[in-house]
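Just below is one structure, and these are the notes that go with it.
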Amino acid sequence: MSPSELRLAKTAPLPYLLSVPDAARPASGAWPLLCFLHGHGEGAPMPIQLGLKLHGPLAAASSPRATADFIVVAAQMPARGDLWHLHGNAIQEIVRQLQTLHGADPRQTFLTGFSFGGNGVFDLALEQRDLWAALWPVDPTRVPREDPGRPVWFSSGDISRRSERAFIERLRLEPLQGAELGDRVYVDQGQDHVGTARLAYQDERIYRWLLSKRAGSL
């Protein structure tokens, strides 16, 4: 995706990059929405146009299905750290705005994040259980305090595999087995922290899995 195809919003509760598919709306009449939470190094003062395309669905190397099949929004925190829990209301406000302005489907609103952003996936989901249809944490650094009660695709890497058993038990995850894609999927491709993000956001299976989920499942 070239920079000209991304929209930058500076006046929202948090600044964000937005990608809206060019194609006609799907048969449902509404686009699925994928919200991405960045990690430590991509927060301010890194320029938003650079930071939010290093990793995640807006990265140049990620699967084109991300921006072809979903509205993608990536907000930037004003400070670096494991702080997404402080910005849950801002993320919810942005999502509600996009549901209104761009026809994003409230039944197919998904949350993903890398590293500290993966922590944020759980933090926000625990407080906003009715907002997110499914969760996709990518190599988070800590185990959530409880099960968020939503479908989860867990992309594990160098950091999270250190607590592999705790993640699997807390979230009731099952290793990916062939073409069987359940509601609680655990995948570890043996990569380091950044390599895990690169492969995860390239993986078309995950985008297909997300599209199979709707609010109220599990």
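Identifiers in the structure tokens: chain A, B, ... in order shown; residue index from 1 per chain; ligand index from 1 in order shown.
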*Name the residues of segment 32-179 of chain A that fall into strand (DSSP E) according to DSSP on the backbone, using the chain letters and numbers of this document, as a ChimeraX atom specification.*
/A:32-37,71-75,104-114,134-138,152-156,174-175
*List every residue of segment 29-134 of chain A that DSSP, applied to the backbone of this structure, assigns to alpha helix (DSSP H), and report them as a PyMOL selection string.*
chain A and resi 48-51+65-69+88-101+116-127
Output for the residues just chosen: C-alpha atoms as a PDB file, in the first residue's frame:
```pdb
ATOM      1  CA  ILE A  48       2.896   8.196  12.731  1.00  0.00           C
ATOM      2  CA  GLN A  49       3.291   7.593   9.001  1.00  0.00           C
ATOM      3  CA  LEU A  50       6.444   5.610   9.731  1.00  0.00           C
ATOM      4  CA  GLY A  51       5.637   3.940  13.027  1.00  0.00           C
ATOM      5  CA  ARG A  65      -6.076  -9.120   2.121  1.00  0.00           C
ATOM      6  CA  ALA A  66      -5.833  -6.840   5.139  1.00  0.00           C
ATOM      7  CA  THR A  67      -6.572  -3.661   3.215  1.00  0.00           C
ATOM      8  CA  ALA A  68      -8.641  -5.331   0.473  1.00  0.00           C
ATOM      9  CA  ASP A  69     -11.101  -7.064   2.812  1.00  0.00           C
ATOM     10  CA  GLY A  88      -9.567   2.162  25.687  1.00  0.00           C
ATOM     11  CA  ASN A  89     -12.217   4.886  25.577  1.00  0.00           C
ATOM     12  CA  ALA A  90     -10.377   6.658  22.748  1.00  0.00           C
ATOM     13  CA  ILE A  91     -10.156   3.462  20.699  1.00  0.00           C
ATOM     14  CA  GLN A  92     -13.836   2.741  21.243  1.00  0.00           C
ATOM     15  CA  GLU A  93     -14.752   6.268  20.152  1.00  0.00           C
ATOM     16  CA  ILE A  94     -12.691   5.928  16.970  1.00  0.00           C
ATOM     17  CA  VAL A  95     -14.279   2.574  16.164  1.00  0.00           C
ATOM     18  CA  ARG A  96     -17.792   3.944  16.694  1.00  0.00           C
ATOM     19  CA  GLN A  97     -16.985   6.898  14.424  1.00  0.00           C
ATOM     20  CA  LEU A  98     -15.808   4.562  11.660  1.00  0.00           C
ATOM     21  CA  GLN A  99     -18.881   2.395  12.017  1.00  0.00           C
ATOM     22  CA  THR A 100     -20.963   5.501  11.356  1.00  0.00           C
ATOM     23  CA  LEU A 101     -18.850   7.305   8.758  1.00  0.00           C
ATOM     24  CA  PHE A 116       2.708  -4.149  24.034  1.00  0.00           C
ATOM     25  CA  GLY A 117      -0.138  -3.802  21.549  1.00  0.00           C
ATOM     26  CA  GLY A 118      -0.843  -7.498  22.091  1.00  0.00           C
ATOM     27  CA  ASN A 119      -1.155  -6.738  25.791  1.00  0.00           C
ATOM     28  CA  GLY A 120      -3.539  -3.967  24.839  1.00  0.00           C
ATOM     29  CA  VAL A 121      -5.697  -6.418  22.906  1.00  0.00           C
ATOM     30  CA  PHE A 122      -6.455  -8.246  26.144  1.00  0.00           C
ATOM     31  CA  ASP A 123      -6.687  -5.117  28.294  1.00  0.00           C
ATOM     32  CA  LEU A 124      -9.258  -3.499  26.008  1.00  0.00           C
ATOM     33  CA  ALA A 125     -11.178  -6.711  25.347  1.00  0.00           C
ATOM     34  CA  LEU A 126     -11.639  -7.329  29.063  1.00  0.00           C
ATOM     35  CA  GLU A 127     -13.271  -3.903  29.416  1.00  0.00           C
TER      36      GLU A 127
END
```
So that I can check the surroundings of segment 24-40 of chain A, please list as a CSV table (one decimal) with C-alpha atoms, in the first residue's frame every protein, DNA and RNA residue that reaches within 7 Å of it, counting only C-alpha atoms and ignoring chain neighbours fewer than 3 positions away.
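Generated file (out_21.csv):
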```csv
chain,number,residue,atom,x,y,z
A,43,GLY,CA,4.6,5.2,19.7
A,52,LEU,CA,2.3,2.4,12.1
A,56,GLY,CA,0.9,-4.9,11.5
A,70,PHE,CA,-11.1,-4.8,5.9
A,71,ILE,CA,-11.3,-1.2,7.0
A,72,VAL,CA,-8.0,-1.0,8.9
A,73,VAL,CA,-7.4,1.6,11.6
A,74,ALA,CA,-4.2,2.1,13.5
A,75,ALA,CA,-4.0,4.7,16.2
A,80,ARG,CA,5.6,4.9,24.7
A,81,GLY,CA,4.9,2.1,27.1
A,103,GLY,CA,-20.2,1.7,7.3
A,104,ALA,CA,-17.9,-0.6,9.4
A,105,ASP,CA,-19.8,-3.7,10.5
A,108,GLN,CA,-17.3,-7.9,12.6
A,109,THR,CA,-15.1,-5.5,14.5
A,110,PHE,CA,-11.7,-7.1,15.3
A,111,LEU,CA,-8.8,-6.2,17.5
A,112,THR,CA,-5.1,-7.0,16.9
A,113,GLY,CA,-1.8,-5.8,18.3
A,114,PHE,CA,1.9,-6.5,18.4
A,115,SER,CA,4.0,-6.8,21.6
A,116,PHE,CA,2.7,-4.1,24.0
A,117,GLY,CA,-0.1,-3.8,21.5
A,120,GLY,CA,-3.5,-4.0,24.8
```
*Enter the distance from atom CA of Pro144 of chain A to atom CA of Leu173 of chain A, in Å, rounded to one decimal.*
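One can read the atom CA of Pro144 of chain A to atom CA of Leu173 of chain A distance as 13.2 Å.
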*atom CA of His85 of chain A to atom CA of Ala134 of chain A: how many Å, to one decimal?*
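Answer for the atom CA of His85 of chain A to atom CA of Ala134 of chain A separation: 17.9 Å.
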*asked:* Could you list, as a list in words, every residue within 9 Å of Leu210 of chain A, counting only C-alpha atoms and ignoring same-chain residues fewer than 4 positions away?
replied: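 Contacts, in chain order: Gln108, Phe110, Ala133, Ala134, Leu135, Trp136, Trp153, Arg205, Ile206 and Arg214 of chain A.
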Would you save the residues from that selection as a compact mmCIF listing (two decimals), in the first residue's frame, using C-alpha atoms?
```txt
# COMPACT_ATOMS: atom_id res chain seq x y z
CA GLN A 108 -17.31 -7.87 12.58
CA PHE A 110 -11.71 -7.12 15.31
CA ALA A 133 -15.93 -10.04 17.56
CA ALA A 134 -12.49 -11.71 17.77
CA LEU A 135 -8.98 -11.01 19.05
CA TRP A 136 -5.57 -11.44 17.42
CA TRP A 153 -5.95 -16.39 17.28
CA ARG A 205 -5.30 -17.91 7.02
CA ILE A 206 -5.75 -15.49 9.89
CA ARG A 214 -19.15 -12.43 14.20
```
*With only C-alpha atoms as the basis for distance, which of A:Pro45, A:Gln76, A:Phe167, A:His193 is at the shortest distance from Ala12 of chain A?*
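Between A:Pro45, A:Gln76, A:Phe167, A:His193, the residue approaching Ala12 of chain A most closely is A:Gln76.
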